[in-house]
Amino acid sequence: MADVALRKVVKRYDDVEAVRGIDLDIADHEFIVLVGPSGCGKSTTLRMIAGLEDISDGDIMIGGDVVNDVPPKDRDIAMVFQNYALYPHMTVAENMSFGLRLKHYPKAEIKARVTEAARLLDITDLIDRKPKQLSGGQRQRVAMGRAIVRNPKVFLFDEPLSNLDAKLRVQMRIEIKKVHQKVRTTTVYVTHDQVEAMTLADRVVVMNKGRIEQIGTPNELYHRPATRFVAGFIGSPAMNFIPCRLEDVGGTLQIRLTDRIAFALPPARAARYHALPRTDKFLLGLRPEHLTEAHAHLGPGVETFDTVLDVTEPMGMETLVYFGLEGTPVCGRVDPNAGAKDGAPMRLAMDLNNMHLLNEDTGVVL
Amino acid sequence: MSTLAIDKGGPRRKVKYGSMSRDRAWALRWSYFFLVLFAIFFLTPPLYMVITSLKSSAEISAATNPWWVFHPTLANYVELLTSNQFLRFFWNSSIVSLVVVVVTMLISIPAAFALARMKFWGSTTLATGVFLTYLVPDSLLFIPLFKMLALVQDITGITLLNRWYVLLFIYPTLTVPFCTWIMIGYFASIPKELDEAAIIDGASWLQTLTRIFIPVALPGLIAATIFAFTVSWAQFLYPLVFTTSIDQLVLPVGITTTLIKGDVFNWGQIMTGALLGAAPPLIIYAFLMDYYIAGLTAGATKG
Amino acid sequence: MADVVVQHARAARTTSARKGGSLHNALRRKSTVAFFLTLPLILLIALFVLYPALFSIHLASLNKSMQKFVGFGNFTFLFKRETFWMVVKQSCIFAVTAVFFKALIGFIVAHFVHNIPAKGQRKWRGMLLVPWVIPPAMSTLAWLWLFDPSYSAFNYTLSLFGIGPINWLGDAAWARFSVILVNVWYGAPFFLIMYLAALKSVPDQLYEAAAIDGANWWQKIWFITLPMMRNIIAITTLFSLIVTFANFDIVRILTSGGPLDQTQIFATYAFRVGIESNDIPLGASVSLFMVPILAVAAIFILRDVNKRGNES
């Protein structure tokens with residue numbers, strides 16, 4: 001068990017910078033998820049922590065020691081790969097014990113550790129099978145078992161669930177969480193799936209174009225995104241971004257979305273945005289769940305407007321409605337019984353208490 | 001009228017429905033017919049070897065139906081398998097082929113591992129060079145090699161010509177390039193994550209090779225081994241040029257040069273010898289056909 | 001306290017020392033390891049392939065006793081010999097005809113094997129590949145015996161129909177035919193296997209789509225099978241061209257180039273001149289004439305193999 005720290009880590013391939021100076025402190029026992037679109041440098045970062053890639057610049061520390069030039073086997077880490085990377089010619093037990101056997105651990109201890117890991121992952125019955133005879137989920141467990149038996153300082157997961165089907169993915173997600181609760185090993189987990197990131201992580205690191213956009217707990221990222229990228233990346237369906245302007249009308253601060261639609265900001269928001277220049281272009285960031293059907297008992301700061309729906313998507317417990325505001329596609333979430341129909345007019349309510357205001361040019365959340 | 005209507009409605013439908021499967025059935029029958037024809041063409045010589053090998057010299061020279069054995073005898077087999085000379089050929093062939101297989105593997109596997117996994121200066125050129133070497137035929141090199149051996153013999157005083165062991169150096173030129181090439185292909189098809197997992201598990205490159213790559217690429221290794229063996233066993237030109245004394249000959253050369261004595265052809269013995277000479281590759285083929293075929297087809301894909 | 005401080009200092013020093021040194025070391029080690037792993041291969045190719053090939057050029061420029069440099073003397077000598085031009089012509093006819101029929105038979109038989117139910121295919125494939133497995137020197141002996149003029153099984157069979165006897169290996173035309181026949185017999189199974197593997201790699205959906213589009217059987221072959229197999233056909237054909245062109249065993253055992261050099265090809269002629277007549281420079285010159293044709297074929301193969309590699 002150990003903490004991990006990255007100090008201005010850079011990775012250059014020829015003239016391309018894949019990772020552009022990352023600072024990250026991972027506490028002991030923490031479960032960190034690196035998330036971002038493909039090519040954002042998250043896998044490269046993980047592979048640098050593993051020692052599978054050289055570091056172009058900066059330092060990586062595991063348990064306080066700089067490990068830049070320490071070969072992977074001496075870093076005391078374990079890694080779970082996307083395609084599991086199980087040795088096809090070895091049984092499950094042999095796969096799990098390979099690392100220990102290379103280090104010449106006593107037979108009894110190897111056996112004890114393998115048995116323990118197999119019990120933990122519920123694969124005791126499969127111990128003598130070859131990977132070919134296992135299902136995707138079982139292979140995934142073996143890959144985790146191989147990491148666990150090593151009892152390493154750090155677990156590294158490289159998109160471990162992306163080869164599984166949707167149902168199994170949810171199941172294995174819970175499994176990984178349970179295992180982490182039991183073994184409490186510091187974990188760095190890479191995924192492109194924001195749901196996985198949100199559900200698993202103690203803290204999520206959102207990466208984009210080789211840089212860290214934001215680090216925070218899942219709730220922080222969801223409710224207080226720092227940038228447009230994070231705001232748009234976290235949450236599904238994604239946050240709406242509606243071009244808007246700030247206006248002073250009769251001493252109150254108004255937000256104008258279209259010629260027809262403008263709302264007075266709630267007092268708390270008005271106070272926060274008061275000093276912003278009125279000439280700047282802004283984006284109103286609003287999650288679909290804060291754009292619902294209008295009804296009789298709306299609280300303060302919830303404003304209604306009329307629109308015509310383009311498409312509706314009944315999801316069962318809610319219905320997603322899509323419409324346009326001056327050409328900007330917008331998504332809302334309404335009650336399935338609210339009577340939303342394709343092409344029909346509807347009165348919707350915007351909860352401005354949960355709005356975000358972004359600078360359109362810089363993408364910063366204000 | 002009514003019967004006519006039924007006739008019209010019923011059969012027409014039937015014909016349409018049945019025509020696909022009837023075409024199929026005919027296609028299948030023709031396929032089998034031609035396959036039998038080609039099988040006869042392909043198998044006649046080996047079968048004729050068997051037939052002749054079971055005949056006595058008297059029966060061979062008698063004007064009876066050559067396609068049938070009237071008085072089967074194992075005399076040819078007994079005579080060859082008790083002849084020191086023939087056993088000597090067999091022994092020479094065996095020892096040469098087996099040593100060449102081992103040498104080939106010792107050269108090919110490490111080289112293929114390096115070329116498939118360690119990018120180093122000139123590695124792509126070397127891989128291309130290996131493939132080109134595979135295309136260099138024996139008939140291009142036998143004369144300079146012969147002269148080279150003669151020169152080395154003159155300079156060092158070590159007898160190289162007319163010694164079977166010189167084939168141990170020469171045959172690998174025929175086996176190593178192809179074996180390296182297909183092993184590169186097999187090694188390259190192993191997912192990169194597998195060696196990364198091994199590295200993280202603490203394996204050195206040697207351990208990665210011996211405990212991961214070789215076992216995982218075992219089918220390729222078997223295919224390469226079979227190839228190396230059959231090529232060494234069948235090679236005819238080099239031993240014909242480099243060896244002349246009877247005790248130094250390998251099977252193909254031994255049979256063609258010693259059993260054919262002038263114009264006197266002892267066909268019973270020649271066929272028996274040829275059959276015994278063809279036996280080892282055939283037996284390997286019978287048991288490991290799939291590997292044999294995998295090796296054949298692997299050559300056409302890039303490593 | 002002091003201990004702790006010292007330890008810290010040491011740790012810091014070792015890490016910083018590592019940084020410069022071992023990364024370079026690791027890099028150097030990896031390429032050094034790779035070099036040693038490939039060294040035996042490089043030595044083998046250099047000593048027993050590359051060197052002899054160059055040595056051959058040197059040899060070809062000497063006179064028979066190898067005392068004197070004659071430049072292109074051997075080549076001009078060969079150009080003036082009718083036999084040599086016959087060898088060139090025969091080698092080309094031999095290679096082209098044999099490869100064409102190997103490819104044709106291989107293609108046809110591959111289709112027949114592909115047509116029959118899958119569980120029987122293995123057995124048939126196994127039988128049909130036998131000629132390729134038997135060492136050619138051994139199987140050619142069987143052919144030699146089948147062609148035997150007086151006791152020959154072929155002539156006996158033909159005599160039942162009132163034909164013959166045919167002087168299979170004694171008559172120039174028949175001898176050429178026989179040599180090509182044996183080569184086709186030996187090489188066709190190789191094509192069969194390659195084509196069968198290629199056929200299997202064509203997805204069934206393509207044929208089903210073509211059937212729905214109304215293609216008949218030859219349209220399926222022309223528009224789907226052949227384009228999909230084009231690369232493998234090219235590689236196999238070029239490869240076989242090299243092997244057939246440079247063939248030695250079959251002609252040597254069947255006719256030794258006879259009658260009157262009428263079936264002599266490059267390899268056997270080089271053997272006759274260089275080894276049997278002991279004119280090594282002239283033999284080397286004959287061999288060298290194969291190089292241009294082999295090189296062209298090799299370049300095309302390399303191109304196709306690379307293309308294939310990039311596709312997959």
# chains A, B, ... in the order shown; residues from 1 in each chain; ligands from 1
>>> interface_residues(of="chain C", to="chain B", cutoff="7 Å", atoms="only C-alpha atoms", output="PyMOL selection string")
chain C and resi 31+34+37-38+40-41+44-45+48-49+52-53+55-56+109+112+115-116+128+131+133-139+142-143+151+153+185+194+235+243+246+248-249+267+274+280+283-284+287-288+298+305-306+308-309
>>> write_last_selection(atoms="N, CA and C atoms", output="compact mmCIF listing (two decimals), in the first residue's frame")
# COMPACT_ATOMS: atom_id res chain seq x y z
N SER C 31 18.95 -3.05 -27.30
CA SER C 31 19.42 -3.25 -28.68
C SER C 31 20.59 -4.22 -28.71
N ALA C 34 18.96 -7.58 -28.62
CA ALA C 34 18.38 -7.86 -29.93
C ALA C 34 19.46 -8.24 -30.93
N LEU C 37 20.63 -11.73 -30.28
CA LEU C 37 19.61 -12.72 -30.64
C LEU C 37 19.58 -12.97 -32.15
N THR C 38 19.88 -11.90 -32.91
CA THR C 38 19.83 -12.07 -34.36
C THR C 38 21.18 -12.39 -34.97
N PRO C 40 23.30 -15.01 -34.83
CA PRO C 40 23.46 -16.27 -35.57
C PRO C 40 22.79 -16.24 -36.94
N LEU C 41 21.60 -15.62 -36.97
CA LEU C 41 20.88 -15.51 -38.24
C LEU C 41 21.68 -14.67 -39.23
N LEU C 44 24.71 -16.59 -40.44
CA LEU C 44 24.32 -17.66 -41.36
C LEU C 44 24.07 -17.11 -42.76
N ILE C 45 23.25 -16.05 -42.78
CA ILE C 45 22.91 -15.47 -44.09
C ILE C 45 24.15 -14.89 -44.75
N PHE C 48 26.75 -18.03 -45.62
CA PHE C 48 26.35 -19.13 -46.49
C PHE C 48 25.35 -18.73 -47.58
N VAL C 49 24.91 -17.49 -47.59
CA VAL C 49 24.03 -17.06 -48.67
C VAL C 49 24.63 -15.85 -49.38
N PRO C 52 28.48 -16.58 -50.71
CA PRO C 52 28.49 -17.42 -51.91
C PRO C 52 27.90 -16.72 -53.13
N ALA C 53 26.84 -15.93 -52.89
CA ALA C 53 26.22 -15.23 -54.02
C ALA C 53 27.22 -14.28 -54.67
N PHE C 55 30.51 -14.45 -54.26
CA PHE C 55 31.63 -15.29 -54.70
C PHE C 55 31.32 -15.86 -56.09
N SER C 56 30.05 -16.16 -56.31
CA SER C 56 29.60 -16.71 -57.57
C SER C 56 29.91 -15.75 -58.71
N VAL C 109 -9.39 -27.90 -58.20
CA VAL C 109 -9.55 -28.90 -57.14
C VAL C 109 -9.93 -28.23 -55.82
N PHE C 112 -13.54 -27.89 -55.80
CA PHE C 112 -14.25 -29.15 -55.54
C PHE C 112 -14.20 -29.50 -54.06
N ASN C 115 -16.46 -27.38 -52.13
CA ASN C 115 -17.88 -27.66 -52.40
C ASN C 115 -18.47 -28.75 -51.52
N ILE C 116 -17.64 -29.73 -51.17
CA ILE C 116 -18.19 -30.91 -50.46
C ILE C 116 -18.39 -30.58 -48.99
N LEU C 128 -5.02 -35.36 -51.01
CA LEU C 128 -4.57 -34.63 -52.20
C LEU C 128 -3.24 -33.92 -51.98
N PRO C 131 1.35 -35.69 -52.68
CA PRO C 131 2.51 -35.47 -53.58
C PRO C 131 3.48 -34.41 -53.06
N VAL C 133 4.15 -33.81 -49.98
CA VAL C 133 4.84 -34.25 -48.76
C VAL C 133 6.00 -35.19 -49.08
N ILE C 134 5.85 -36.01 -50.11
CA ILE C 134 6.91 -36.96 -50.45
C ILE C 134 8.10 -36.19 -51.01
N PRO C 135 9.32 -36.50 -50.53
CA PRO C 135 10.49 -35.83 -51.09
C PRO C 135 10.50 -36.01 -52.60
N PRO C 136 10.65 -34.92 -53.36
CA PRO C 136 10.52 -35.02 -54.81
C PRO C 136 11.49 -36.03 -55.42
N ALA C 137 12.68 -36.17 -54.86
CA ALA C 137 13.62 -37.14 -55.40
C ALA C 137 13.03 -38.55 -55.33
N MET C 138 12.28 -38.83 -54.26
CA MET C 138 11.69 -40.16 -54.08
C MET C 138 10.53 -40.37 -55.05
N SER C 139 9.63 -39.37 -55.12
CA SER C 139 8.45 -39.57 -55.95
C SER C 139 8.82 -39.56 -57.43
N ALA C 142 9.43 -42.90 -58.65
CA ALA C 142 8.22 -43.65 -58.98
C ALA C 142 7.74 -43.29 -60.38
N TRP C 143 7.81 -42.00 -60.70
CA TRP C 143 7.44 -41.58 -62.05
C TRP C 143 8.38 -42.19 -63.08
N TYR C 151 8.92 -51.97 -69.30
CA TYR C 151 8.01 -52.58 -68.33
C TYR C 151 7.01 -51.57 -67.78
N ALA C 153 4.20 -49.14 -66.57
CA ALA C 153 2.79 -49.30 -66.25
C ALA C 153 1.94 -48.46 -67.18
N TRP C 185 2.30 -32.42 -61.07
CA TRP C 185 1.83 -33.38 -60.06
C TRP C 185 2.38 -33.02 -58.68
N MET C 194 -3.17 -23.55 -50.68
CA MET C 194 -3.20 -22.09 -50.56
C MET C 194 -4.56 -21.55 -50.99
N ILE C 235 0.87 -14.18 -54.98
CA ILE C 235 2.00 -14.64 -54.16
C ILE C 235 2.34 -16.08 -54.47
N VAL C 243 10.45 -21.37 -57.54
CA VAL C 243 10.82 -22.74 -57.19
C VAL C 243 10.90 -23.60 -58.46
N ALA C 246 13.89 -22.76 -60.74
CA ALA C 246 15.17 -23.19 -60.19
C ALA C 246 15.19 -24.68 -59.88
N PHE C 248 15.62 -28.60 -59.70
CA PHE C 248 16.73 -29.47 -60.11
C PHE C 248 16.32 -30.93 -60.07
N ASP C 249 15.72 -31.36 -58.94
CA ASP C 249 15.50 -32.77 -58.65
C ASP C 249 14.79 -33.51 -59.77
N ALA C 267 19.26 -25.25 -63.73
CA ALA C 267 19.88 -25.93 -62.60
C ALA C 267 20.64 -27.17 -63.05
N GLY C 274 29.17 -27.28 -64.41
CA GLY C 274 30.01 -26.88 -63.29
C GLY C 274 30.56 -28.05 -62.50
N ILE C 280 33.84 -24.95 -63.15
CA ILE C 280 33.11 -24.21 -62.13
C ILE C 280 32.74 -22.80 -62.57
N GLY C 283 29.79 -22.98 -64.89
CA GLY C 283 28.59 -23.40 -64.15
C GLY C 283 28.03 -22.24 -63.35
N ALA C 284 28.93 -21.48 -62.70
CA ALA C 284 28.49 -20.34 -61.91
C ALA C 284 27.81 -19.31 -62.82
N SER C 287 24.29 -20.44 -63.58
CA SER C 287 23.42 -20.20 -62.43
C SER C 287 23.02 -18.74 -62.35
N LEU C 288 24.03 -17.87 -62.58
CA LEU C 288 23.77 -16.43 -62.41
C LEU C 288 22.70 -15.92 -63.37
N ALA C 298 10.87 -12.06 -57.05
CA ALA C 298 11.02 -11.82 -55.61
C ALA C 298 10.51 -10.44 -55.22
N VAL C 305 3.35 -9.50 -50.44
CA VAL C 305 3.32 -9.98 -49.06
C VAL C 305 3.17 -8.80 -48.11
N ASN C 306 3.87 -7.71 -48.42
CA ASN C 306 3.74 -6.52 -47.58
C ASN C 306 2.33 -5.97 -47.62
N ARG C 308 -0.36 -7.63 -48.24
CA ARG C 308 -1.20 -8.55 -47.49
C ARG C 308 -1.07 -8.31 -45.99
N GLY C 309 0.19 -8.07 -45.59
CA GLY C 309 0.42 -7.81 -44.17
C GLY C 309 -0.30 -6.55 -43.71
>>> residues_around(residues="Pro131 (chain A)", least_positions_apart="2", cutoff="6 Å", atoms="only C-alpha atoms", output="count of residues only")
3
>>> interface_residues(of="chain B", to="chain A", cutoff="6 Å", atoms="only C-alpha atoms", output="VMD selection string")
chain B and resid 193 to 194 200 to 202
>>> interface_residues(of="chain A", to="chain C", cutoff="12 Å", atoms="only C-alpha atoms", output="list in words")
Gly51, Glu53, Asp54, Ile55, Ser56, Asp57, Gly58, Asp59, Ile60, Met61, Gly64, Asp65, Val66, Val67, Asn68, Asp69, Val70 and Pro71 of chain A
>>> write_last_selection(atoms="C-alpha atoms", output="mmCIF file, in the first residue's frame")
data_model
loop_
_atom_site.group_PDB
_atom_site.id
_atom_site.type_symbol
_atom_site.label_atom_id
_atom_site.label_comp_id
_atom_site.auth_asym_id
_atom_site.auth_seq_id
_atom_site.Cartn_x
_atom_site.Cartn_y
_atom_site.Cartn_z
ATOM 1 C CA GLY A 51 6.609 1.664 -16.165
ATOM 2 C CA GLU A 53 6.291 3.777 -21.078
ATOM 3 C CA ASP A 54 9.315 5.944 -20.389
ATOM 4 C CA ILE A 55 8.658 9.339 -18.882
ATOM 5 C CA SER A 56 9.789 12.209 -21.096
ATOM 6 C CA ASP A 57 9.825 14.727 -18.276
ATOM 7 C CA GLY A 58 8.750 15.073 -14.653
ATOM 8 C CA ASP A 59 8.665 12.540 -11.821
ATOM 9 C CA ILE A 60 6.463 9.681 -10.753
ATOM 10 C CA MET A 61 6.614 8.609 -7.125
ATOM 11 C CA GLY A 64 7.560 8.462 -1.781
ATOM 12 C CA ASP A 65 10.251 6.976 -4.057
ATOM 13 C CA VAL A 66 10.869 8.349 -7.511
ATOM 14 C CA VAL A 67 10.328 5.371 -9.798
ATOM 15 C CA ASN A 68 11.052 7.008 -13.152
ATOM 16 C CA ASP A 69 13.785 4.535 -13.995
ATOM 17 C CA VAL A 70 12.636 1.601 -11.917
ATOM 18 C CA PRO A 71 11.584 -1.295 -14.165
#
>>> select_by_dssp(residues="region 131-343 of chain A", states="alpha helix (DSSP H)", output="VMD selection string")
chain A and resid 136 to 149 166 to 183 194 to 200 218 to 223 228 to 233 267 to 273
>>> residues_around(residues="region 354-363 of chain A", least_positions_apart="2", cutoff="9 Å", atoms="only C-alpha atoms", output="PyMOL selection string")
chain A and resi 223-229+241+243+269+273+280-287+290+350-352+365-366
>>> write_last_selection(atoms="N, CA and C atoms", output="short mmCIF file (atom, residue, chain, number, x, y, z; two decimals), in the first residue's frame")
data_model
loop_
_atom_site.label_atom_id
_atom_site.label_comp_id
_atom_site.auth_asym_id
_atom_site.auth_seq_id
_atom_site.Cartn_x
_atom_site.Cartn_y
_atom_site.Cartn_z
N HIS A 223 -21.84 18.51 -9.96
CA HIS A 223 -22.55 19.72 -9.57
C HIS A 223 -21.72 20.98 -9.74
N ARG A 224 -20.40 20.83 -9.68
CA ARG A 224 -19.57 22.03 -9.82
C ARG A 224 -18.47 21.81 -10.85
N PRO A 225 -18.84 21.56 -12.10
CA PRO A 225 -17.80 21.38 -13.12
C PRO A 225 -17.04 22.67 -13.29
N ALA A 226 -15.76 22.56 -13.56
CA ALA A 226 -14.94 23.75 -13.68
C ALA A 226 -14.91 24.28 -15.10
N THR A 227 -15.06 23.39 -16.06
CA THR A 227 -14.96 23.82 -17.46
C THR A 227 -16.10 23.26 -18.27
N ARG A 228 -16.25 23.81 -19.45
CA ARG A 228 -17.29 23.33 -20.35
C ARG A 228 -17.05 21.86 -20.69
N PHE A 229 -15.77 21.49 -20.85
CA PHE A 229 -15.47 20.11 -21.20
C PHE A 229 -15.99 19.15 -20.13
N PHE A 241 -26.03 23.39 -23.50
CA PHE A 241 -25.35 24.68 -23.51
C PHE A 241 -26.12 25.61 -24.43
N PRO A 243 -26.69 29.45 -25.83
CA PRO A 243 -26.10 30.78 -25.91
C PRO A 243 -27.02 31.80 -25.22
N ARG A 269 -27.86 33.79 -7.69
CA ARG A 269 -27.16 33.79 -8.97
C ARG A 269 -26.86 35.21 -9.42
N TYR A 273 -23.21 36.65 -10.53
CA TYR A 273 -22.87 37.05 -11.89
C TYR A 273 -22.90 38.57 -12.09
N ASP A 280 -20.14 40.39 -22.96
CA ASP A 280 -19.57 39.07 -23.27
C ASP A 280 -20.65 38.11 -23.73
N LYS A 281 -20.19 37.11 -24.49
CA LYS A 281 -21.11 36.03 -24.87
C LYS A 281 -21.01 34.94 -23.81
N PHE A 282 -22.16 34.45 -23.39
CA PHE A 282 -22.18 33.41 -22.36
C PHE A 282 -22.93 32.19 -22.85
N LEU A 283 -22.74 31.11 -22.10
CA LEU A 283 -23.53 29.90 -22.35
C LEU A 283 -24.26 29.56 -21.06
N LEU A 284 -25.54 29.25 -21.19
CA LEU A 284 -26.28 28.77 -20.03
C LEU A 284 -26.11 27.26 -20.01
N GLY A 285 -25.50 26.72 -18.94
CA GLY A 285 -25.36 25.27 -18.81
C GLY A 285 -26.46 24.74 -17.92
N LEU A 286 -27.25 23.85 -18.47
CA LEU A 286 -28.39 23.35 -17.71
C LEU A 286 -28.54 21.86 -17.98
N ARG A 287 -28.55 21.07 -16.91
CA ARG A 287 -28.70 19.62 -17.10
C ARG A 287 -30.15 19.31 -17.46
N HIS A 290 -33.00 19.51 -15.01
CA HIS A 290 -33.45 20.80 -14.53
C HIS A 290 -34.28 21.53 -15.58
N MET A 350 -37.64 25.78 -16.37
CA MET A 350 -36.19 25.80 -16.25
C MET A 350 -35.84 26.10 -14.80
N ASP A 351 -35.05 25.23 -14.16
CA ASP A 351 -34.67 25.47 -12.77
C ASP A 351 -33.36 26.25 -12.74
N LEU A 352 -33.46 27.55 -12.63
CA LEU A 352 -32.27 28.39 -12.72
C LEU A 352 -31.43 28.34 -11.44
N VAL A 365 -16.37 27.80 -16.35
CA VAL A 365 -17.63 27.94 -15.63
C VAL A 365 -17.47 29.07 -14.62
N LEU A 366 -18.39 30.06 -14.70
CA LEU A 366 -18.24 31.26 -13.88
C LEU A 366 -18.91 31.10 -12.52
#
>>> closest_atom_pairs(of="region 95-196 of chain C", to="region 221-225 of chain C", cutoff="12 Å", atoms="only C-alpha atoms", output="CSV")
residue,atom,partner,partner_atom,distance
C:Phe107,CA,C:Thr225,CA,10.6
C:Ile108,CA,C:Ile221,CA,11.2
C:Ala110,CA,C:Thr225,CA,11.8
C:His111,CA,C:Ile221,CA,9.9
C:Tyr195,CA,C:Thr225,CA,10.1
C:Leu196,CA,C:Thr225,CA,11.2
>>> write_last_selection(atoms="N, CA and C atoms", output="mmCIF file, in the first residue's frame")
data_model
loop_
_atom_site.group_PDB
_atom_site.id
_atom_site.type_symbol
_atom_site.label_atom_id
_atom_site.label_comp_id
_atom_site.auth_asym_id
_atom_site.auth_seq_id
_atom_site.Cartn_x
_atom_site.Cartn_y
_atom_site.Cartn_z
ATOM 1 N N PHE C 107 -6.584 -24.508 -58.450
ATOM 2 C CA PHE C 107 -7.794 -23.691 -58.334
ATOM 3 C C PHE C 107 -9.045 -24.548 -58.477
ATOM 4 N N ILE C 108 -9.044 -25.402 -59.503
ATOM 5 C CA ILE C 108 -10.228 -26.241 -59.749
ATOM 6 C C ILE C 108 -10.451 -27.191 -58.580
ATOM 7 N N ALA C 110 -9.365 -27.037 -55.586
ATOM 8 C CA ALA C 110 -9.724 -26.326 -54.353
ATOM 9 C C ALA C 110 -11.227 -26.073 -54.306
ATOM 10 N N HIS C 111 -11.790 -25.728 -55.460
ATOM 11 C CA HIS C 111 -13.239 -25.507 -55.495
ATOM 12 C C HIS C 111 -14.016 -26.779 -55.209
ATOM 13 N N TYR C 195 -5.075 -22.047 -52.097
ATOM 14 C CA TYR C 195 -6.357 -21.552 -52.599
ATOM 15 C C TYR C 195 -7.492 -21.948 -51.669
ATOM 16 N N LEU C 196 -7.387 -23.144 -51.131
ATOM 17 C CA LEU C 196 -8.446 -23.594 -50.221
ATOM 18 C C LEU C 196 -8.507 -22.677 -48.990
#
>>> atom_distance(atom1="CA of Leu78 (chain C)", atom2="CA of Phe289 (chain C)")
10.4 Å
>>> residues_around(residues="region 208-213 of chain A", least_positions_apart="5", cutoff="6 Å", atoms="only C-alpha atoms", output="list in words")
Ala18, Val19, Arg20, Gly36, Cys40 and Gly41 of chain A
>>> write_last_selection(atoms="C-alpha atoms", output="mmCIF file, in the first residue's frame")
data_model
loop_
_atom_site.group_PDB
_atom_site.id
_atom_site.type_symbol
_atom_site.label_atom_id
_atom_site.label_comp_id
_atom_site.auth_asym_id
_atom_site.auth_seq_id
_atom_site.Cartn_x
_atom_site.Cartn_y
_atom_site.Cartn_z
ATOM 1 C CA ALA A 18 0.552 12.959 -25.536
ATOM 2 C CA VAL A 19 0.711 14.022 -21.896
ATOM 3 C CA ARG A 20 1.456 17.670 -21.191
ATOM 4 C CA GLY A 36 -11.605 11.257 -20.833
ATOM 5 C CA CYS A 40 -6.665 12.291 -24.043
ATOM 6 C CA GLY A 41 -3.535 10.701 -22.580
#
>>> decode(residues="region 320-332 of chain A", atoms="N, CA and C atoms", output="short mmCIF file (atom, residue, chain, number, x, y, z; two decimals), in the first residue's frame")
data_model
loop_
_atom_site.label_atom_id
_atom_site.label_comp_id
_atom_site.auth_asym_id
_atom_site.auth_seq_id
_atom_site.Cartn_x
_atom_site.Cartn_y
_atom_site.Cartn_z
N LEU A 320 -37.47 11.74 -22.31
CA LEU A 320 -36.56 12.79 -22.76
C LEU A 320 -37.24 13.56 -23.89
N VAL A 321 -37.19 14.87 -23.81
CA VAL A 321 -37.79 15.68 -24.89
C VAL A 321 -36.70 16.52 -25.51
N TYR A 322 -36.74 16.63 -26.84
CA TYR A 322 -35.76 17.41 -27.57
C TYR A 322 -36.46 18.52 -28.32
N PHE A 323 -35.89 19.71 -28.24
CA PHE A 323 -36.45 20.85 -28.97
C PHE A 323 -35.31 21.81 -29.28
N GLY A 324 -35.61 22.82 -30.09
CA GLY A 324 -34.56 23.77 -30.45
C GLY A 324 -34.84 25.15 -29.89
N LEU A 325 -33.75 25.82 -29.48
CA LEU A 325 -33.87 27.22 -29.07
C LEU A 325 -32.96 28.02 -29.98
N GLU A 326 -33.54 28.72 -30.96
CA GLU A 326 -32.74 29.47 -31.93
C GLU A 326 -31.68 28.58 -32.55
N GLY A 327 -32.05 27.38 -32.91
CA GLY A 327 -31.10 26.49 -33.58
C GLY A 327 -30.25 25.67 -32.64
N THR A 328 -30.23 25.96 -31.36
CA THR A 328 -29.46 25.14 -30.42
C THR A 328 -30.33 23.97 -29.95
N PRO A 329 -29.87 22.74 -30.19
CA PRO A 329 -30.68 21.61 -29.72
C PRO A 329 -30.62 21.51 -28.20
N VAL A 330 -31.77 21.30 -27.60
CA VAL A 330 -31.85 21.26 -26.14
C VAL A 330 -32.60 19.99 -25.74
N CYS A 331 -32.17 19.42 -24.62
CA CYS A 331 -32.80 18.19 -24.13
C CYS A 331 -33.38 18.44 -22.73
N GLY A 332 -34.58 17.96 -22.53
CA GLY A 332 -35.19 18.06 -21.20
C GLY A 332 -35.69 16.71 -20.74
#
